[in-house]
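Remarks on the structure that follows.
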Amino acid sequence: MKRPMTVLLTALAPVSWGTTYAVTTEFLPADRPLFTALMRALPAGLVLLALTRVLPRGAWWAKAFVLGALNIGAFFPLLFVSAYRLPGGMAAVVGSVGPLFVVGLSALLLGQRPAARTLVAGVVAAFGVSLVVLKGAGALDVVGVLAAVASTASMAAGTVLTKRWGRPDGVGPLALTGWQLTAGGLLIAPAAFLAEGAPPALDGRAVGGYLYLALANTALAYWLWFRGIGRLSATQVGFLGPLSPLTAAVVGWAALGQALTPLQVAGMALAFGATVAGQLGAGRRRSFSSAEKTGRKDSMDLTVPALRR
């Protein structure tokens with residue numbers, strides 16, 4: 001019962017991220033993607049640092065900035081660039097191949113050999129998402145495609161490295177989340193001010209939107225995400241990613257009046273089914289691997305010994 005609850009709580013992170021598009025378009029200033037990325041990351045990171053009052057030590061200063069760059073500092077701006085330059089939901093389709101990136105990097109960095117069913121589930125999930133979000137062909141922008149691929153690879157690398165490095169002794173996932181959000185925000189800040197200039201004037205709706213993004217959509221969601229990485233395999237966590245574009249489609253239908261076609265509904269069912277299948281396959285493989293290595297039934301760090309400093 002413990003493992004399914006961990007999966008459900010971790011799944012709340014991509015579900016929350018699926019609301020980002022609606023909040024951005026309905027509440028926030030237009031054409032300020034880097035400022036929005038900054039407002040998502042840095043305030044949330046500073047709040048968590050204030051709550052935990054724990055700073056990195058030794059090698060963890062460098063590790064925190066590497067993870068912050070991959071999961072936040074590079075991922076956020078690249079994601080926004082791809083969303084602005086690609087037609088329709090193409091950026092979401094490229095992002096939905098994230099589980100395959102995680103599977104490949106897990107094999108390379110964690111020594112986890114992927115099962116055939118896991119690879120098939122990843123392909124099916126991406127195909128299902130494509131049915132949901134693609135609405136027209138359109139001309140593809142090379143820069144947008146490269147940014148989408150890079151953002152997906154960056155998040156996948158951050159997920160796998162977070163699993164590989166674990167956490168220092170006595171440091172919880174809340175502090176680790178604060179380190180990464182702060183580091184990522186500090187990396188985004190100069191790019192935002194150089195590219196977009198001074199911050200825009202904000203009304204009440206914009207302030208409310210940024211508060212939601214910083215607290216619920218980022219601080220809470222990323223804490224659940226990194227907590228899940230500590231307790232599940234990297235592949236299990238990666239397979240939750242497609243829930244984000246699926247949530248965006250549901251929010252668009254329920255809150256923004258966007259119609260869903262039967263083909264989109266079928267794609268949602270296909271992607272969700274593949275996500276569940278990926279969870280079951282990865283979870284079973286993780287359990288078998290753990291039992292072979294340690295003879296124990298459950299541990300937070302069975303899949304990969306954490307490098308603790």
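So you can find residues: chains in the structure tokens are A, B, ... in the order shown, residues in each start at 1, and ligands are numbered from 1 in order.
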Excluding Ala69 of chain A and its own-chain neighbours fewer than 3 positions away, which residues fall within 10 Å of it when counting only C-alpha atoms? Please give them as number ranges by chain.
A: 63-66, 72-76, 154-155, 158, 180-188
Write the residues of the selection above to a file with C-alpha atoms, as a compact mmCIF listing (two decimals), in the first residue's frame.
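Produced file part-v4.txt, reproduced below:
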# COMPACT_ATOMS: atom_id res chain seq x y z
CA LYS A 63 25.85 18.98 -7.13
CA ALA A 64 23.01 21.31 -6.14
CA PHE A 65 23.90 23.72 -8.94
CA VAL A 66 24.19 20.89 -11.49
CA ILE A 72 15.12 24.13 -13.39
CA GLY A 73 17.66 26.57 -14.83
CA ALA A 74 17.91 25.02 -18.29
CA PHE A 75 14.60 23.17 -18.35
CA PHE A 76 12.28 26.13 -17.71
CA SER A 154 17.68 18.16 -19.39
CA MET A 155 14.78 17.12 -17.16
CA GLY A 158 18.22 15.80 -13.76
CA GLN A 180 17.68 23.22 -6.78
CA LEU A 181 14.96 25.86 -7.18
CA THR A 182 17.23 28.57 -5.81
CA ALA A 183 20.17 27.52 -7.97
CA GLY A 184 17.95 27.29 -11.05
CA GLY A 185 16.38 30.68 -10.35
CA LEU A 186 19.78 32.32 -9.94
CA LEU A 187 20.82 30.90 -13.30
CA ILE A 188 17.64 32.16 -15.01
From segment 63-212 of chain A, collect each residue whose DSSP state is alpha helix (DSSP H) and return the set as a ChimeraX atom specification.
/A:63-68,75-85,90-95,98-105,116-133,142-165,173-196,204-212
Find the residues around segment 93-107 of chain A up to 6 Å (only C-alpha atoms counted), leave out those fewer than 5 positions away in its own chain, and share them as a PyMOL selection string.
chain A and resi 112-113+122+126+130+152+156+235+238-239+242
Residue with smallest distance to Gln236 of chain A - pool A:Val276, A:Leu46, A:Val207, A:Val124, counting only C-alpha atoms
A:Val276
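Taking atom CA of Ala11 of chain A and atom CA of Tyr212 of chain A as the two end points, the separation is 18.1 Å.
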Env of Ala259 of chain A: 12 Å cut, atoms = only C-alpha atoms, seq-sep filter 4 positions within chain, self excluded. Answer as a list in words.
Val132, Val133, Lys135, Ala249, Val250, Val251, Gly252, Trp253, Ala254, Ala255, Leu263, Gln264 and Val265 of chain A
Same residues, N, CA and C atoms, output as a PDB file, in the first residue's frame:
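So part-v8.pdb came out as:
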ATOM      1  N   VAL A 132      -3.641  13.532 -28.453  1.00  0.00           N
ATOM      2  CA  VAL A 132      -4.351  14.505 -27.629  1.00  0.00           C
ATOM      3  C   VAL A 132      -4.016  15.936 -28.019  1.00  0.00           C
ATOM      4  N   VAL A 133      -2.734  16.229 -28.251  1.00  0.00           N
ATOM      5  CA  VAL A 133      -2.312  17.629 -28.345  1.00  0.00           C
ATOM      6  C   VAL A 133      -2.061  18.121 -29.763  1.00  0.00           C
ATOM      7  N   LYS A 135      -2.944  19.245 -33.297  1.00  0.00           N
ATOM      8  CA  LYS A 135      -4.168  19.684 -33.964  1.00  0.00           C
ATOM      9  C   LYS A 135      -3.949  20.056 -35.418  1.00  0.00           C
ATOM     10  N   ALA A 249      -4.835  19.145 -21.258  1.00  0.00           N
ATOM     11  CA  ALA A 249      -5.984  18.963 -22.149  1.00  0.00           C
ATOM     12  C   ALA A 249      -7.291  18.954 -21.371  1.00  0.00           C
ATOM     13  N   VAL A 250      -7.303  18.292 -20.210  1.00  0.00           N
ATOM     14  CA  VAL A 250      -8.520  18.246 -19.392  1.00  0.00           C
ATOM     15  C   VAL A 250      -8.871  19.635 -18.855  1.00  0.00           C
ATOM     16  N   VAL A 251      -7.854  20.377 -18.391  1.00  0.00           N
ATOM     17  CA  VAL A 251      -8.092  21.731 -17.894  1.00  0.00           C
ATOM     18  C   VAL A 251      -8.603  22.641 -19.015  1.00  0.00           C
ATOM     19  N   GLY A 252      -8.031  22.491 -20.207  1.00  0.00           N
ATOM     20  CA  GLY A 252      -8.504  23.272 -21.346  1.00  0.00           C
ATOM     21  C   GLY A 252      -9.957  22.988 -21.673  1.00  0.00           C
ATOM     22  N   TRP A 253     -10.363  21.741 -21.527  1.00  0.00           N
ATOM     23  CA  TRP A 253     -11.760  21.357 -21.791  1.00  0.00           C
ATOM     24  C   TRP A 253     -12.687  21.860 -20.676  1.00  0.00           C
ATOM     25  N   ALA A 254     -12.270  21.671 -19.419  1.00  0.00           N
ATOM     26  CA  ALA A 254     -13.149  21.987 -18.292  1.00  0.00           C
ATOM     27  C   ALA A 254     -13.204  23.482 -17.974  1.00  0.00           C
ATOM     28  N   ALA A 255     -12.075  24.179 -18.092  1.00  0.00           N
ATOM     29  CA  ALA A 255     -12.019  25.568 -17.646  1.00  0.00           C
ATOM     30  C   ALA A 255     -11.981  26.580 -18.782  1.00  0.00           C
ATOM     31  N   LEU A 263     -11.068  11.228 -30.912  1.00  0.00           N
ATOM     32  CA  LEU A 263      -9.684  10.794 -31.106  1.00  0.00           C
ATOM     33  C   LEU A 263      -8.809  11.253 -29.938  1.00  0.00           C
ATOM     34  N   GLN A 264      -9.039  12.464 -29.444  1.00  0.00           N
ATOM     35  CA  GLN A 264      -8.275  12.944 -28.304  1.00  0.00           C
ATOM     36  C   GLN A 264      -8.578  12.138 -27.046  1.00  0.00           C
ATOM     37  N   VAL A 265      -9.849  11.811 -26.845  1.00  0.00           N
ATOM     38  CA  VAL A 265     -10.218  10.990 -25.692  1.00  0.00           C
ATOM     39  C   VAL A 265      -9.553   9.619 -25.780  1.00  0.00           C
TER      40      VAL A 265
END
Restricting the calculation to only C-alpha atoms: of A:Ala13, A:Leu38, A:Leu8, A:Val160, which residue gets closest to Pro190 of chain A?
A:Leu38
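Counting only C-alpha atoms and comparing A:Leu232, A:Val171, A:Ala37, A:Leu51, the residue that lies closest to Phe193 of chain A is A:Ala37.
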So that I can check the surroundings of Val120 of chain A, please list as a list in words every protein, DNA and RNA residue that reaches within 10 Å of it, counting only C-alpha atoms and ignoring chain neighbours fewer than 2 positions away.
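Once the adjacent positions are removed, what remains is Leu100, Ala115, Ala116, Arg117, Thr118, Gly122, Val123, Val124, Ala125, Ala274, Ala277 and Gly278 of chain A.
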With C-alpha atoms retained, could you export that selection as a PDB file, in the first residue's frame?
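Below is the file that was written, part.pdb:
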ATOM      1  CA  LEU A 100      12.434   6.996 -23.058  1.00  0.00           C
ATOM      2  CA  ALA A 115      12.677  -4.352 -20.249  1.00  0.00           C
ATOM      3  CA  ALA A 116      11.042  -4.555 -23.677  1.00  0.00           C
ATOM      4  CA  ARG A 117       7.611  -3.829 -22.192  1.00  0.00           C
ATOM      5  CA  THR A 118       8.968  -0.618 -20.644  1.00  0.00           C
ATOM      6  CA  GLY A 122       7.114   4.636 -23.487  1.00  0.00           C
ATOM      7  CA  VAL A 123       6.424   4.657 -27.230  1.00  0.00           C
ATOM      8  CA  VAL A 124       2.690   4.086 -26.684  1.00  0.00           C
ATOM      9  CA  ALA A 125       2.524   6.907 -24.118  1.00  0.00           C
ATOM     10  CA  ALA A 274       0.766   3.206 -21.023  1.00  0.00           C
ATOM     11  CA  ALA A 277       1.820  -0.113 -17.535  1.00  0.00           C
ATOM     12  CA  GLY A 278       5.171   1.665 -17.252  1.00  0.00           C
TER      13      GLY A 278
END
From the list A:Leu213, A:Ala148, A:Ala271, A:Leu280, the nearest residue to Phe27 of chain A using only C-alpha atoms is A:Leu213
Using Å and a single decimal, report how far atom CA of Ala219 of chain A sits from atom CA of Glu196 of chain A.
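Atom-to-atom, atom CA of Glu196 of chain A to atom CA of Ala219 of chain A, that is 24.4 Å.
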Quick one: pull the distance between atom CA of Arg57 of chain A and atom CA of Ala153 of chain A, Å, one decimal.
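Computed distance, atom CA of Arg57 of chain A to atom CA of Ala153 of chain A, equals 27.5 Å.
Using only C-alpha atoms, the smallest distance between any of A:Leu243, A:Leu224, A:Leu109, A:Ala30 and Leu176 of chain A comes from A:Leu224.
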Go through A:Met268, A:Ala221, A:Leu28, A:Val54 one by one, measure the shortest atom-to-atom distance of each to Arg205 of chain A using only C-alpha atoms, and give the residue with the smallest value.
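For Arg205 of chain A, the nearest of the given residues is A:Leu28.
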